[in-house]
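Engineer: If it helps, the file is called data-v2.tsv and holds TSV, C-alpha atoms:
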chain	number	residue	atom	x	y	z
A	1	MET	CA	-55.92	2.19	-66.65
A	2	THR	CA	-55.67	4.33	-63.54
A	3	GLU	CA	-56.80	3.07	-60.16
A	4	ILE	CA	-58.86	5.67	-58.35
A	5	ASN	CA	-59.64	6.76	-54.86
A	6	PRO	CA	-63.45	6.82	-54.49
A	7	GLU	CA	-63.19	10.08	-52.55
A	8	GLU	CA	-61.63	11.77	-55.55
A	9	MET	CA	-63.85	10.10	-58.08
A	10	ASN	CA	-65.41	12.34	-60.68
A	11	ARG	CA	-69.08	11.41	-60.33
A	12	ASP	CA	-69.88	12.90	-63.72
A	13	LEU	CA	-68.11	9.91	-65.26
A	14	CYS	CA	-70.40	7.38	-63.56
A	15	PRO	CA	-72.09	5.15	-66.18
A	16	VAL	CA	-74.57	3.88	-63.57
A	17	MET	CA	-76.02	7.36	-63.10
A	18	LYS	CA	-76.08	7.91	-66.86
A	19	THR	CA	-78.16	4.73	-67.12
A	20	VAL	CA	-80.48	5.86	-64.32
A	21	SER	CA	-81.07	9.10	-66.24
A	22	VAL	CA	-82.38	7.05	-69.19
A	23	ILE	CA	-84.32	4.27	-67.45
A	24	GLY	CA	-84.90	5.75	-63.97
A	25	ASP	CA	-88.56	6.40	-64.63
A	26	LYS	CA	-91.07	3.79	-63.51
A	27	TRP	CA	-92.95	4.09	-66.80
A	28	VAL	CA	-89.85	3.29	-68.81
A	29	MET	CA	-89.39	0.10	-66.82
A	30	ARG	CA	-93.08	-0.77	-67.19
A	31	VAL	CA	-92.99	-0.29	-70.96
A	32	LEU	CA	-89.74	-2.29	-71.17
A	33	ARG	CA	-91.27	-5.13	-69.20
A	34	GLU	CA	-94.19	-5.28	-71.64
A	35	SER	CA	-91.79	-5.13	-74.61
A	36	PHE	CA	-89.76	-8.03	-73.24
A	37	LEU	CA	-93.04	-9.95	-72.88
A	38	GLY	CA	-93.65	-9.41	-76.60
A	39	CYS	CA	-96.00	-6.42	-76.53
A	40	LYS	CA	-95.73	-4.24	-79.67
A	41	LYS	CA	-99.07	-2.54	-80.34
A	42	PHE	CA	-100.16	0.75	-78.81
A	43	ASP	CA	-103.54	-0.65	-77.74
A	44	ASP	CA	-101.89	-3.64	-76.04
A	45	PHE	CA	-99.47	-1.41	-74.12
A	46	GLN	CA	-102.42	0.73	-73.08
A	47	GLU	CA	-104.50	-2.21	-71.92
A	48	ASN	CA	-101.67	-3.96	-70.09
A	49	LEU	CA	-100.42	-0.80	-68.37
A	50	GLY	CA	-103.77	0.82	-67.65
A	51	VAL	CA	-102.57	4.24	-68.73
A	52	SER	CA	-104.13	7.10	-70.72
A	53	LYS	CA	-103.39	7.43	-74.45
A	54	SER	CA	-101.70	10.80	-73.99
A	55	VAL	CA	-99.35	9.63	-71.23
A	56	LEU	CA	-98.49	6.46	-73.14
A	57	SER	CA	-97.84	8.43	-76.37
A	58	ARG	CA	-95.45	10.72	-74.53
A	59	LYS	CA	-93.60	7.83	-72.86
A	60	LEU	CA	-93.26	5.87	-76.12
A	61	GLN	CA	-92.09	8.97	-77.98
A	62	ARG	CA	-89.46	9.63	-75.30
A	63	MET	CA	-88.26	6.01	-75.54
A	64	ILE	CA	-87.94	6.40	-79.30
A	65	GLU	CA	-85.86	9.55	-78.78
A	66	THR	CA	-83.55	7.72	-76.35
A	67	ASP	CA	-83.32	4.87	-78.89
A	68	LEU	CA	-84.85	2.16	-76.67
A	69	LEU	CA	-87.76	1.61	-79.07
A	70	TYR	CA	-88.36	2.13	-82.78
A	71	ARG	CA	-91.56	2.49	-84.80
A	72	LYS	CA	-92.47	0.00	-87.50
A	73	SER	CA	-95.67	0.48	-89.42
A	74	TYR	CA	-98.00	-2.38	-90.26
A	75	LYS	CA	-101.33	-2.66	-92.03
A	76	ILE	CA	-104.19	-5.07	-91.53
A	77	PRO	CA	-106.30	-5.26	-94.76
A	78	GLY	CA	-109.30	-2.95	-94.50
A	79	GLU	CA	-107.82	-0.96	-91.61
A	80	ARG	CA	-105.62	2.11	-91.55
A	81	ARG	CA	-101.85	1.82	-91.29
A	82	ARG	CA	-100.66	1.65	-87.65
A	83	ASP	CA	-97.34	1.68	-85.80
A	84	GLU	CA	-95.76	-1.05	-83.75
A	85	TYR	CA	-93.24	-0.18	-81.05
A	86	ARG	CA	-90.32	-2.58	-80.99
A	87	LEU	CA	-87.17	-2.86	-78.90
A	88	THR	CA	-83.99	-1.60	-80.56
A	89	GLY	CA	-80.73	-3.48	-79.94
A	90	LYS	CA	-79.91	-0.88	-77.28
A	91	GLY	CA	-83.29	-1.47	-75.64
A	92	TRP	CA	-82.93	-5.23	-75.88
A	93	ASP	CA	-79.55	-5.07	-74.13
A	94	LEU	CA	-81.38	-3.89	-70.99
A	95	ILE	CA	-82.25	-7.59	-70.53
A	96	LYS	CA	-79.31	-7.76	-68.08
A	97	VAL	CA	-80.72	-4.96	-65.95
A	98	VAL	CA	-84.20	-6.51	-66.05
A	99	LEU	CA	-82.87	-9.97	-65.10
A	100	ALA	CA	-80.72	-8.50	-62.30
A	101	MET	CA	-83.84	-6.80	-60.90
A	102	MET	CA	-85.82	-10.00	-61.27
A	103	GLU	CA	-83.21	-12.00	-59.32
A	104	TRP	CA	-83.05	-9.43	-56.56
A	105	GLY	CA	-86.85	-9.17	-56.33
A	106	ASN	CA	-87.20	-12.94	-56.16
A	107	GLU	CA	-84.47	-13.18	-53.53
A	108	HIS	CA	-85.56	-10.32	-51.29
A	109	LEU	CA	-89.14	-9.26	-51.97
A	110	ILE	CA	-90.98	-12.56	-52.38
A	111	GLU	CA	-91.99	-14.64	-49.37
A	112	SER	CA	-91.00	-18.29	-49.36
A	113	GLY	CA	-93.85	-20.33	-50.88
A	114	ASP	CA	-95.37	-17.39	-52.76
A	115	ARG	CA	-95.85	-17.54	-56.52
A	116	THR	CA	-93.53	-15.47	-58.67
A	117	LEU	CA	-92.02	-15.25	-62.16
A	118	LYS	CA	-88.70	-16.83	-63.01
A	119	VAL	CA	-86.64	-17.22	-66.16
A	120	VAL	CA	-85.39	-20.61	-67.27
A	121	GLU	CA	-83.22	-21.76	-70.14
A	122	ARG	CA	-85.34	-22.71	-73.13
A	123	GLY	CA	-84.91	-26.41	-73.89
A	124	SER	CA	-83.30	-27.60	-70.66
A	125	GLU	CA	-85.83	-25.57	-68.61
A	126	LEU	CA	-83.09	-25.15	-65.98
A	127	PRO	CA	-83.13	-21.99	-63.83
A	128	VAL	CA	-80.57	-19.38	-64.88
A	129	ARG	CA	-78.53	-17.01	-62.74
A	130	LEU	CA	-76.37	-13.97	-63.42
A	131	SER	CA	-72.70	-14.55	-62.74
A	132	LEU	CA	-69.65	-12.38	-63.01
A	133	LEU	CA	-66.93	-13.74	-65.27
A	134	ASN	CA	-63.54	-12.27	-66.10
A	135	GLU	CA	-62.14	-12.12	-69.63
A	136	THR	CA	-60.78	-15.68	-69.39
A	137	GLY	CA	-64.29	-17.00	-68.56
A	138	LYS	CA	-63.43	-17.66	-64.91
A	139	ALA	CA	-66.02	-16.80	-62.27
A	140	THR	CA	-65.22	-13.72	-60.20
A	141	ASP	CA	-66.25	-13.17	-56.60
A	142	TRP	CA	-68.77	-10.29	-56.24
A	143	TYR	CA	-66.68	-9.03	-53.33
A	144	SER	CA	-63.36	-8.91	-55.20
A	145	LEU	CA	-63.80	-5.93	-57.47
A	146	ASN	CA	-61.84	-2.75	-58.10
A	147	LEU	CA	-63.13	0.38	-59.75
A	148	LYS	CA	-61.02	2.00	-62.46
A	149	VAL	CA	-61.15	5.01	-64.71
A	150	ASP	CA	-60.59	3.89	-68.29
A	151	GLN	CA	-61.24	4.93	-71.86
A	152	LYS	CA	-64.03	3.17	-73.67
B	1	MET	CA	-93.59	-25.11	-62.85
B	2	THR	CA	-96.25	-23.86	-65.24
B	3	GLU	CA	-95.36	-22.28	-68.53
B	4	ILE	CA	-97.32	-19.11	-69.13
B	5	ASN	CA	-98.73	-17.13	-71.95
B	6	PRO	CA	-97.49	-13.52	-71.58
B	7	GLU	CA	-100.95	-12.27	-72.58
B	8	GLU	CA	-102.46	-13.99	-69.56
B	9	MET	CA	-99.65	-13.15	-67.18
B	10	ASN	CA	-100.67	-11.78	-63.84
B	11	ARG	CA	-98.56	-8.62	-63.72
B	12	ASP	CA	-98.98	-8.38	-59.96
B	13	LEU	CA	-96.55	-11.29	-59.67
B	14	CYS	CA	-93.76	-9.48	-61.51
B	15	PRO	CA	-90.62	-9.33	-59.34
B	16	VAL	CA	-89.08	-6.72	-61.65
B	17	MET	CA	-91.84	-4.22	-60.86
B	18	LYS	CA	-91.59	-5.05	-57.16
B	19	THR	CA	-87.88	-4.17	-57.38
B	20	VAL	CA	-88.63	-0.95	-59.26
B	21	SER	CA	-91.00	0.04	-56.46
B	22	VAL	CA	-88.09	-0.20	-53.98
B	23	ILE	CA	-85.19	1.23	-56.02
B	24	GLY	CA	-87.02	3.14	-58.77
B	25	ASP	CA	-86.18	6.52	-57.27
B	26	LYS	CA	-83.12	8.34	-58.56
B	27	TRP	CA	-82.07	9.24	-55.03
B	28	VAL	CA	-82.07	5.62	-53.93
B	29	MET	CA	-79.71	4.79	-56.80
B	30	ARG	CA	-77.51	7.79	-55.97
B	31	VAL	CA	-77.25	6.82	-52.30
B	32	LEU	CA	-76.55	3.20	-53.27
B	33	ARG	CA	-73.79	4.29	-55.63
B	34	GLU	CA	-72.12	6.23	-52.79
B	35	SER	CA	-72.55	3.28	-50.42
B	36	PHE	CA	-70.89	0.93	-52.90
B	37	LEU	CA	-68.03	3.45	-53.12
B	38	GLY	CA	-67.60	3.14	-49.36
B	39	CYS	CA	-69.50	6.20	-48.16
B	40	LYS	CA	-70.98	5.75	-44.63
B	41	LYS	CA	-71.20	9.13	-42.90
B	42	PHE	CA	-74.11	11.52	-43.22
B	43	ASP	CA	-71.84	14.49	-43.98
B	44	ASP	CA	-70.02	12.55	-46.72
B	45	PHE	CA	-73.31	11.53	-48.39
B	46	GLN	CA	-74.41	15.16	-48.20
B	47	GLU	CA	-71.20	16.50	-49.71
B	48	ASN	CA	-70.98	13.88	-52.46
B	49	LEU	CA	-74.64	14.17	-53.44
B	50	GLY	CA	-75.06	17.92	-53.03
B	51	VAL	CA	-78.42	17.55	-51.31
B	52	SER	CA	-80.08	19.28	-48.35
B	53	LYS	CA	-79.91	17.69	-44.88
B	54	SER	CA	-83.68	17.28	-44.70
B	55	VAL	CA	-83.99	15.54	-48.08
B	56	LEU	CA	-81.03	13.28	-47.32
B	57	SER	CA	-82.43	12.38	-43.87
B	58	ARG	CA	-85.73	11.40	-45.42
B	59	LYS	CA	-84.09	9.31	-48.15
B	60	LEU	CA	-81.79	7.50	-45.68
B	61	GLN	CA	-84.69	6.85	-43.31
B	62	ARG	CA	-86.74	5.38	-46.16
B	63	MET	CA	-83.82	3.15	-47.17
B	64	ILE	CA	-83.57	1.91	-43.57
B	65	GLU	CA	-87.29	1.10	-43.60
B	66	THR	CA	-86.91	-0.89	-46.83
B	67	ASP	CA	-83.90	-2.66	-45.27
B	68	LEU	CA	-81.31	-1.45	-47.81
B	69	LEU	CA	-79.29	0.39	-45.14
B	70	TYR	CA	-78.84	0.06	-41.39
B	71	ARG	CA	-77.64	2.54	-38.77
B	72	LYS	CA	-74.52	1.89	-36.73
B	73	SER	CA	-73.46	4.44	-34.18
B	74	TYR	CA	-69.83	5.49	-33.70
B	75	LYS	CA	-68.04	8.00	-31.49
B	76	ILE	CA	-64.93	10.02	-32.09
B	77	PRO	CA	-63.36	11.00	-28.72
B	78	GLY	CA	-64.46	14.53	-27.75
B	79	GLU	CA	-67.37	14.55	-30.21
B	80	ARG	CA	-70.98	13.45	-29.82
B	81	ARG	CA	-72.13	9.99	-30.87
B	82	ARG	CA	-73.08	9.84	-34.55
B	83	ASP	CA	-74.65	7.31	-36.93
B	84	GLU	CA	-73.11	5.60	-39.91
B	85	TYR	CA	-75.33	4.31	-42.72
B	86	ARG	CA	-74.18	0.94	-43.99
B	87	LEU	CA	-75.45	-1.44	-46.64
B	88	THR	CA	-77.43	-4.43	-45.33
B	89	GLY	CA	-76.99	-7.80	-47.06
B	90	LYS	CA	-80.17	-7.03	-49.01
B	91	GLY	CA	-78.73	-3.67	-50.07
B	92	TRP	CA	-75.38	-5.19	-50.96
B	93	ASP	CA	-77.08	-7.75	-53.20
B	94	LEU	CA	-78.11	-4.87	-55.49
B	95	ILE	CA	-74.52	-5.05	-56.78
B	96	LYS	CA	-75.87	-7.12	-59.69
B	97	VAL	CA	-78.33	-4.40	-60.66
B	98	VAL	CA	-75.65	-1.71	-60.32
B	99	LEU	CA	-73.14	-3.69	-62.42
B	100	ALA	CA	-75.79	-4.45	-65.07
B	101	MET	CA	-76.52	-0.71	-65.31
B	102	MET	CA	-72.80	0.04	-65.47
B	103	GLU	CA	-72.28	-2.40	-68.34
B	104	TRP	CA	-75.22	-1.02	-70.27
B	105	GLY	CA	-74.16	2.59	-69.68
B	106	ASN	CA	-70.62	1.82	-70.81
B	107	GLU	CA	-71.89	-0.01	-73.88
B	108	HIS	CA	-74.54	2.44	-75.01
B	109	LEU	CA	-74.12	5.86	-73.39
B	110	ILE	CA	-70.35	6.43	-73.54
B	111	GLU	CA	-68.69	7.57	-76.76
B	112	SER	CA	-65.72	5.57	-77.97
B	113	GLY	CA	-62.53	7.13	-76.55
B	114	ASP	CA	-64.31	8.90	-73.66
B	115	ARG	CA	-63.25	8.26	-70.08
B	116	THR	CA	-65.57	6.16	-67.93
B	117	LEU	CA	-65.63	3.90	-64.87
B	118	LYS	CA	-65.20	0.15	-65.14
B	119	VAL	CA	-64.96	-2.69	-62.67
B	120	VAL	CA	-62.10	-5.15	-62.79
B	121	GLU	CA	-61.26	-8.28	-60.83
B	122	ARG	CA	-59.05	-7.43	-57.87
B	123	GLY	CA	-55.68	-9.14	-58.25
B	124	SER	CA	-55.80	-10.08	-61.93
B	125	GLU	CA	-57.16	-6.59	-62.81
B	126	LEU	CA	-59.01	-8.25	-65.70
B	127	PRO	CA	-62.30	-6.68	-66.87
B	128	VAL	CA	-65.40	-8.53	-65.65
B	129	ARG	CA	-68.69	-9.10	-67.40
B	130	LEU	CA	-72.12	-10.35	-66.36
B	131	SER	CA	-73.03	-13.69	-67.86
B	132	LEU	CA	-76.05	-15.91	-67.60
B	133	LEU	CA	-75.34	-19.43	-66.36
B	134	ASN	CA	-77.73	-22.30	-65.83
B	135	GLU	CA	-77.69	-24.53	-62.73
B	136	THR	CA	-74.96	-26.74	-64.17
B	137	GLY	CA	-72.67	-23.72	-64.66
B	138	LYS	CA	-73.07	-23.70	-68.44
B	139	ALA	CA	-73.44	-20.34	-70.20
B	140	THR	CA	-76.94	-19.59	-71.46
B	141	ASP	CA	-77.77	-17.50	-74.48
B	142	TRP	CA	-79.58	-14.24	-73.56
B	143	TYR	CA	-82.04	-14.97	-76.37
B	144	SER	CA	-82.97	-18.49	-75.20
B	145	LEU	CA	-85.11	-17.83	-72.17
B	146	ASN	CA	-88.58	-18.83	-71.09
B	147	LEU	CA	-90.67	-17.19	-68.42
B	148	LYS	CA	-92.40	-19.38	-65.84
B	149	VAL	CA	-94.68	-18.98	-62.86
B	150	ASP	CA	-93.16	-20.81	-59.92
B	151	GLN	CA	-93.21	-20.89	-56.14
B	152	LYS	CA	-90.25	-19.37	-54.36
Kindly return the structure encoded in the file as structure tokens.

Structural biologist:
Amino acid sequence: MTEINPEEMNRDLCPVMKTVSVIGDKWVMRVLRESFLGCKKFDDFQENLGVSKSVLSRKLQRMIETDLLYRKSYKIPGERRRDEYRLTGKGWDLIKVVLAMMEWGNEHLIESGDRTLKVVERGSELPVRLSLLNETGKATDWYSLNLKVDQK
Amino acid sequence: MTEINPEEMNRDLCPVMKTVSVIGDKWVMRVLRESFLGCKKFDDFQENLGVSKSVLSRKLQRMIETDLLYRKSYKIPGERRRDEYRLTGKGWDLIKVVLAMMEWGNEHLIESGDRTLKVVERGSELPVRLSLLNETGKATDWYSLNLKVDQK
């Protein structure tokens, strides 16, 4: 691993910007939010998001191309075959980004006393929080980080 | 705390979408990335981002209004007084969102063997990873979460 000087950093390497290029569209985040809430059917996405069929089709198709969603057909007896839109593993892994946004929103955009959404651990019902751990499982201070160029 | 049925969820409460409304602009993420790399001066932002002065001014002003950045003036002897643009505490707290995007990008958008950027713990130089802990400090499974409506 090579330590780098931020001034000389090659910004083309930045995985954060690569991620923004995939999910940096408000509609992608809206569809993801619905998917994480369990939404799978076209009509349900449309109703929950209040969007036209053509816009939604285009957004879902794009998210299939970027491998965030996949199509799975289903059939209700007496009706025609339809598609469900489900999260791929790659899409599901965005849970960390979604939870990080949720924490920040709850911390900084919600007034004290206002109602909001929170995630809790199923079973214990205890609130959960993102933490930064090193490879040995020890908590790391958010302020004590270095940036490195490395091979995947 | 009240457990909710996702179908009946009031989407106006969603802190993720509130966050997207503040940072869901590619330029905001680009400026934040530079700020986390230590960039403070207008000319440095401009050079690193390859953007016009007028666009950059507007983006920085907007990020001051949403309290992600603040202005601090400085003076080099013999030159006129200038402004630096620094992260507020609220802006700095987006580190979790940035690191979550970095992890996801490294996991899913970088080919094995390609060079990329990673964060390591200063001192030990060990790789770090976001984890989900409950209030007692115990690790929580990403798949074992419930969503609740609660007061802040």

Engineer: Please write out chain A, superposed on chain B by least squares over all C-alpha atoms matched in order, as a compact mmCIF listing (two decimals) with C-alpha atoms, in the coordinates of the input.

Structural biologist:
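Final file, part.txt:
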# COMPACT_ATOMS: atom_id res chain seq x y z
CA MET A 1 -93.58 -25.13 -62.83
CA THR A 2 -96.22 -23.86 -65.22
CA GLU A 3 -95.32 -22.28 -68.53
CA ILE A 4 -97.31 -19.13 -69.12
CA ASN A 5 -98.70 -17.13 -71.96
CA PRO A 6 -97.47 -13.53 -71.56
CA GLU A 7 -100.92 -12.26 -72.54
CA GLU A 8 -102.44 -14.00 -69.55
CA MET A 9 -99.63 -13.17 -67.20
CA ASN A 10 -100.62 -11.79 -63.83
CA ARG A 11 -98.53 -8.61 -63.71
CA ASP A 12 -98.95 -8.37 -59.95
CA LEU A 13 -96.55 -11.30 -59.66
CA CYS A 14 -93.75 -9.49 -61.52
CA PRO A 15 -90.61 -9.33 -59.33
CA VAL A 16 -89.07 -6.73 -61.66
CA MET A 17 -91.82 -4.24 -60.87
CA LYS A 18 -91.58 -5.05 -57.17
CA THR A 19 -87.88 -4.17 -57.39
CA VAL A 20 -88.62 -0.94 -59.27
CA SER A 21 -91.00 0.04 -56.46
CA VAL A 22 -88.09 -0.19 -53.99
CA ILE A 23 -85.20 1.23 -56.02
CA GLY A 24 -87.01 3.16 -58.78
CA ASP A 25 -86.18 6.52 -57.27
CA LYS A 26 -83.11 8.34 -58.56
CA TRP A 27 -82.08 9.25 -55.01
CA VAL A 28 -82.07 5.62 -53.94
CA MET A 29 -79.70 4.80 -56.78
CA ARG A 30 -77.52 7.81 -55.96
CA VAL A 31 -77.26 6.83 -52.29
CA LEU A 32 -76.55 3.21 -53.27
CA ARG A 33 -73.79 4.30 -55.61
CA GLU A 34 -72.14 6.25 -52.79
CA SER A 35 -72.56 3.29 -50.41
CA PHE A 36 -70.89 0.95 -52.89
CA LEU A 37 -68.04 3.47 -53.12
CA GLY A 38 -67.60 3.17 -49.35
CA CYS A 39 -69.50 6.23 -48.14
CA LYS A 40 -70.99 5.77 -44.64
CA LYS A 41 -71.22 9.15 -42.90
CA PHE A 42 -74.13 11.55 -43.23
CA ASP A 43 -71.86 14.51 -43.97
CA ASP A 44 -70.04 12.58 -46.71
CA PHE A 45 -73.31 11.56 -48.37
CA GLN A 46 -74.42 15.18 -48.19
CA GLU A 47 -71.21 16.52 -49.69
CA ASN A 48 -70.98 13.91 -52.44
CA LEU A 49 -74.64 14.18 -53.44
CA GLY A 50 -75.07 17.93 -53.02
CA VAL A 51 -78.41 17.56 -51.30
CA SER A 52 -80.09 19.29 -48.34
CA LYS A 53 -79.93 17.69 -44.88
CA SER A 54 -83.70 17.28 -44.71
CA VAL A 55 -84.01 15.54 -48.09
CA LEU A 56 -81.05 13.28 -47.32
CA SER A 57 -82.45 12.39 -43.86
CA ARG A 58 -85.75 11.39 -45.43
CA LYS A 59 -84.10 9.30 -48.15
CA LEU A 60 -81.80 7.51 -45.69
CA GLN A 61 -84.69 6.85 -43.31
CA ARG A 62 -86.75 5.38 -46.16
CA MET A 63 -83.82 3.14 -47.16
CA ILE A 64 -83.56 1.93 -43.57
CA GLU A 65 -87.28 1.11 -43.60
CA THR A 66 -86.90 -0.88 -46.84
CA ASP A 67 -83.89 -2.64 -45.27
CA LEU A 68 -81.30 -1.44 -47.81
CA LEU A 69 -79.29 0.40 -45.14
CA TYR A 70 -78.84 0.08 -41.39
CA ARG A 71 -77.63 2.56 -38.77
CA LYS A 72 -74.51 1.91 -36.73
CA SER A 73 -73.44 4.45 -34.17
CA TYR A 74 -69.83 5.50 -33.72
CA LYS A 75 -68.05 7.97 -31.48
CA ILE A 76 -64.92 10.00 -32.06
CA PRO A 77 -63.37 10.99 -28.66
CA GLY A 78 -64.46 14.49 -27.70
CA GLU A 79 -67.37 14.53 -30.16
CA ARG A 80 -70.97 13.45 -29.80
CA ARG A 81 -72.10 9.99 -30.85
CA ARG A 82 -73.07 9.85 -34.55
CA ASP A 83 -74.64 7.33 -36.93
CA GLU A 84 -73.10 5.63 -39.92
CA TYR A 85 -75.32 4.33 -42.71
CA ARG A 86 -74.18 0.96 -43.99
CA LEU A 87 -75.45 -1.43 -46.64
CA THR A 88 -77.41 -4.42 -45.34
CA GLY A 89 -76.98 -7.79 -47.07
CA LYS A 90 -80.16 -7.03 -49.02
CA GLY A 91 -78.73 -3.67 -50.08
CA TRP A 92 -75.38 -5.19 -50.95
CA ASP A 93 -77.07 -7.75 -53.21
CA LEU A 94 -78.10 -4.86 -55.49
CA ILE A 95 -74.50 -5.04 -56.77
CA LYS A 96 -75.86 -7.11 -59.69
CA VAL A 97 -78.33 -4.40 -60.66
CA VAL A 98 -75.66 -1.71 -60.32
CA LEU A 99 -73.15 -3.70 -62.42
CA ALA A 100 -75.80 -4.46 -65.07
CA MET A 101 -76.51 -0.71 -65.32
CA MET A 102 -72.81 0.04 -65.47
CA GLU A 103 -72.29 -2.41 -68.36
CA TRP A 104 -75.23 -1.03 -70.28
CA GLY A 105 -74.16 2.58 -69.69
CA ASN A 106 -70.62 1.82 -70.82
CA GLU A 107 -71.88 -0.02 -73.89
CA HIS A 108 -74.54 2.44 -75.01
CA LEU A 109 -74.10 5.85 -73.38
CA ILE A 110 -70.35 6.43 -73.55
CA GLU A 111 -68.67 7.56 -76.76
CA SER A 112 -65.69 5.57 -77.96
CA GLY A 113 -62.51 7.14 -76.54
CA ASP A 114 -64.30 8.90 -73.67
CA ARG A 115 -63.26 8.26 -70.08
CA THR A 116 -65.56 6.17 -67.93
CA LEU A 117 -65.63 3.89 -64.87
CA LYS A 118 -65.20 0.15 -65.15
CA VAL A 119 -64.97 -2.71 -62.68
CA VAL A 120 -62.11 -5.17 -62.81
CA GLU A 121 -61.28 -8.28 -60.84
CA ARG A 122 -59.07 -7.45 -57.88
CA GLY A 123 -55.70 -9.16 -58.26
CA SER A 124 -55.81 -10.10 -61.94
CA GLU A 125 -57.16 -6.61 -62.82
CA LEU A 126 -59.03 -8.27 -65.72
CA PRO A 127 -62.32 -6.70 -66.87
CA VAL A 128 -65.41 -8.55 -65.65
CA ARG A 129 -68.72 -9.12 -67.41
CA LEU A 130 -72.14 -10.37 -66.36
CA SER A 131 -73.05 -13.72 -67.86
CA LEU A 132 -76.07 -15.93 -67.60
CA LEU A 133 -75.36 -19.44 -66.37
CA ASN A 134 -77.75 -22.33 -65.84
CA GLU A 135 -77.70 -24.53 -62.75
CA THR A 136 -74.98 -26.77 -64.21
CA GLY A 137 -72.68 -23.73 -64.68
CA LYS A 138 -73.09 -23.71 -68.46
CA ALA A 139 -73.46 -20.37 -70.21
CA THR A 140 -76.96 -19.61 -71.47
CA ASP A 141 -77.79 -17.52 -74.51
CA TRP A 142 -79.60 -14.25 -73.58
CA TYR A 143 -82.06 -14.99 -76.38
CA SER A 144 -82.99 -18.50 -75.22
CA LEU A 145 -85.12 -17.83 -72.18
CA ASN A 146 -88.60 -18.85 -71.09
CA LEU A 147 -90.68 -17.19 -68.43
CA LYS A 148 -92.39 -19.37 -65.84
CA VAL A 149 -94.66 -18.97 -62.87
CA ASP A 150 -93.15 -20.80 -59.91
CA GLN A 151 -93.18 -20.88 -56.14
CA LYS A 152 -90.22 -19.35 -54.38

Engineer: Counting all atoms listed in the file, figure out which residue out of B:Leu49, B:Leu60, B:Leu37, B:Ile76 gets nearest to chain A.

Structural biologist: B:Leu37

Engineer: Give me, as a Markdown table, the closest atom pair and its distance (Å, one decimal) for every residue of chain B within a cut-off of 7 Å of chain A, counting all atoms listed in the file, rows sorted by chain and rising number.

Structural biologist:
| residue | atom | partner | partner_atom | distance |
| --- | --- | --- | --- | --- |
| B:Pro6 | CA | A:Leu37 | CA | 5.9 |
| B:Leu13 | CA | A:Thr116 | CA | 5.3 |
| B:Cys14 | CA | A:Leu117 | CA | 6.1 |
| B:Pro15 | CA | A:Gly105 | CA | 4.8 |
| B:Val16 | CA | A:Met102 | CA | 4.6 |
| B:Lys18 | CA | A:Gly105 | CA | 6.3 |
| B:Thr19 | CA | A:Gly105 | CA | 5.2 |
| B:Val20 | CA | A:Lys26 | CA | 6.8 |
| B:Gly24 | CA | A:Gly24 | CA | 6.2 |
| B:Asp25 | CA | A:Gly24 | CA | 6.9 |
| B:Lys26 | CA | A:Gly24 | CA | 6.3 |
| B:Leu37 | CA | A:Pro6 | CA | 5.8 |
| B:Lys90 | CA | A:His108 | CA | 6.7 |
| B:Leu94 | CA | A:Trp104 | CA | 6.8 |
| B:Lys96 | CA | A:Ala100 | CA | 5.7 |
| B:Val97 | CA | A:Ala100 | CA | 5.0 |
| B:Val98 | CA | A:Val16 | CA | 6.6 |
| B:Ala100 | CA | A:Val97 | CA | 5.0 |
| B:Met101 | CA | A:Val16 | CA | 5.3 |
| B:Met102 | CA | A:Val16 | CA | 4.6 |
| B:Trp104 | CA | A:Leu94 | CA | 6.8 |
| B:Gly105 | CA | A:Pro15 | CA | 4.8 |
| B:Asn106 | CA | A:Pro15 | CA | 5.9 |
| B:His108 | CA | A:Lys90 | CA | 6.7 |
| B:Ser112 | CA | A:Lys152 | CA | 5.2 |
| B:Gly113 | CA | A:Lys152 | CA | 5.1 |
| B:Asp114 | CA | A:Gln151 | CA | 5.3 |
| B:Arg115 | CA | A:Gln151 | CA | 4.3 |
| B:Thr116 | CA | A:Leu13 | CA | 5.3 |
| B:Leu117 | CA | A:Val149 | CA | 4.6 |
| B:Lys118 | CA | A:Lys148 | CA | 5.3 |
| B:Val119 | CA | A:Leu147 | CA | 4.6 |
| B:Val120 | CA | A:Asn146 | CA | 5.3 |
| B:Glu121 | CA | A:Leu145 | CA | 4.8 |
| B:Arg122 | CA | A:Leu145 | CA | 5.0 |
| B:Leu126 | CA | A:Asn134 | CA | 6.1 |
| B:Pro127 | CA | A:Asn134 | CA | 5.8 |
| B:Val128 | CA | A:Asn134 | CA | 4.2 |
| B:Arg129 | CA | A:Leu133 | CA | 5.4 |
| B:Leu130 | CA | A:Leu132 | CA | 4.6 |
| B:Ser131 | CA | A:Ser131 | CA | 5.2 |
| B:Leu132 | CA | A:Leu130 | CA | 4.6 |
| B:Leu133 | CA | A:Arg129 | CA | 5.4 |
| B:Asn134 | CA | A:Val128 | CA | 4.2 |
| B:Glu135 | CA | A:Pro127 | CA | 6.1 |
| B:Thr140 | CA | A:Glu121 | CA | 6.8 |
| B:Ser144 | CA | A:Arg122 | CA | 5.3 |
| B:Leu145 | CA | A:Glu121 | CA | 4.8 |
| B:Asn146 | CA | A:Val120 | CA | 5.3 |
| B:Leu147 | CA | A:Val119 | CA | 4.6 |
| B:Lys148 | CA | A:Lys118 | CA | 5.3 |
| B:Val149 | CA | A:Leu117 | CA | 4.6 |
| B:Asp150 | CA | A:Arg115 | CA | 5.4 |
| B:Gln151 | CA | A:Arg115 | CA | 4.3 |
| B:Lys152 | CA | A:Gly113 | CA | 5.1 |

Engineer: One decimal, in Å: what's the spacing between atom CA of A:Ser35 and atom CA of A:Leu69?

Structural biologist: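 Going from atom CA of A:Ser35 over to atom CA of A:Leu69, I get 9.0 Å.
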
Engineer: Could you check how far atom CA of A:Val31 sits from atom CA of A:Lys59, in Å to one decimal?

Structural biologist: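 One can read the atom CA of A:Val31 to atom CA of A:Lys59 distance as 8.4 Å.
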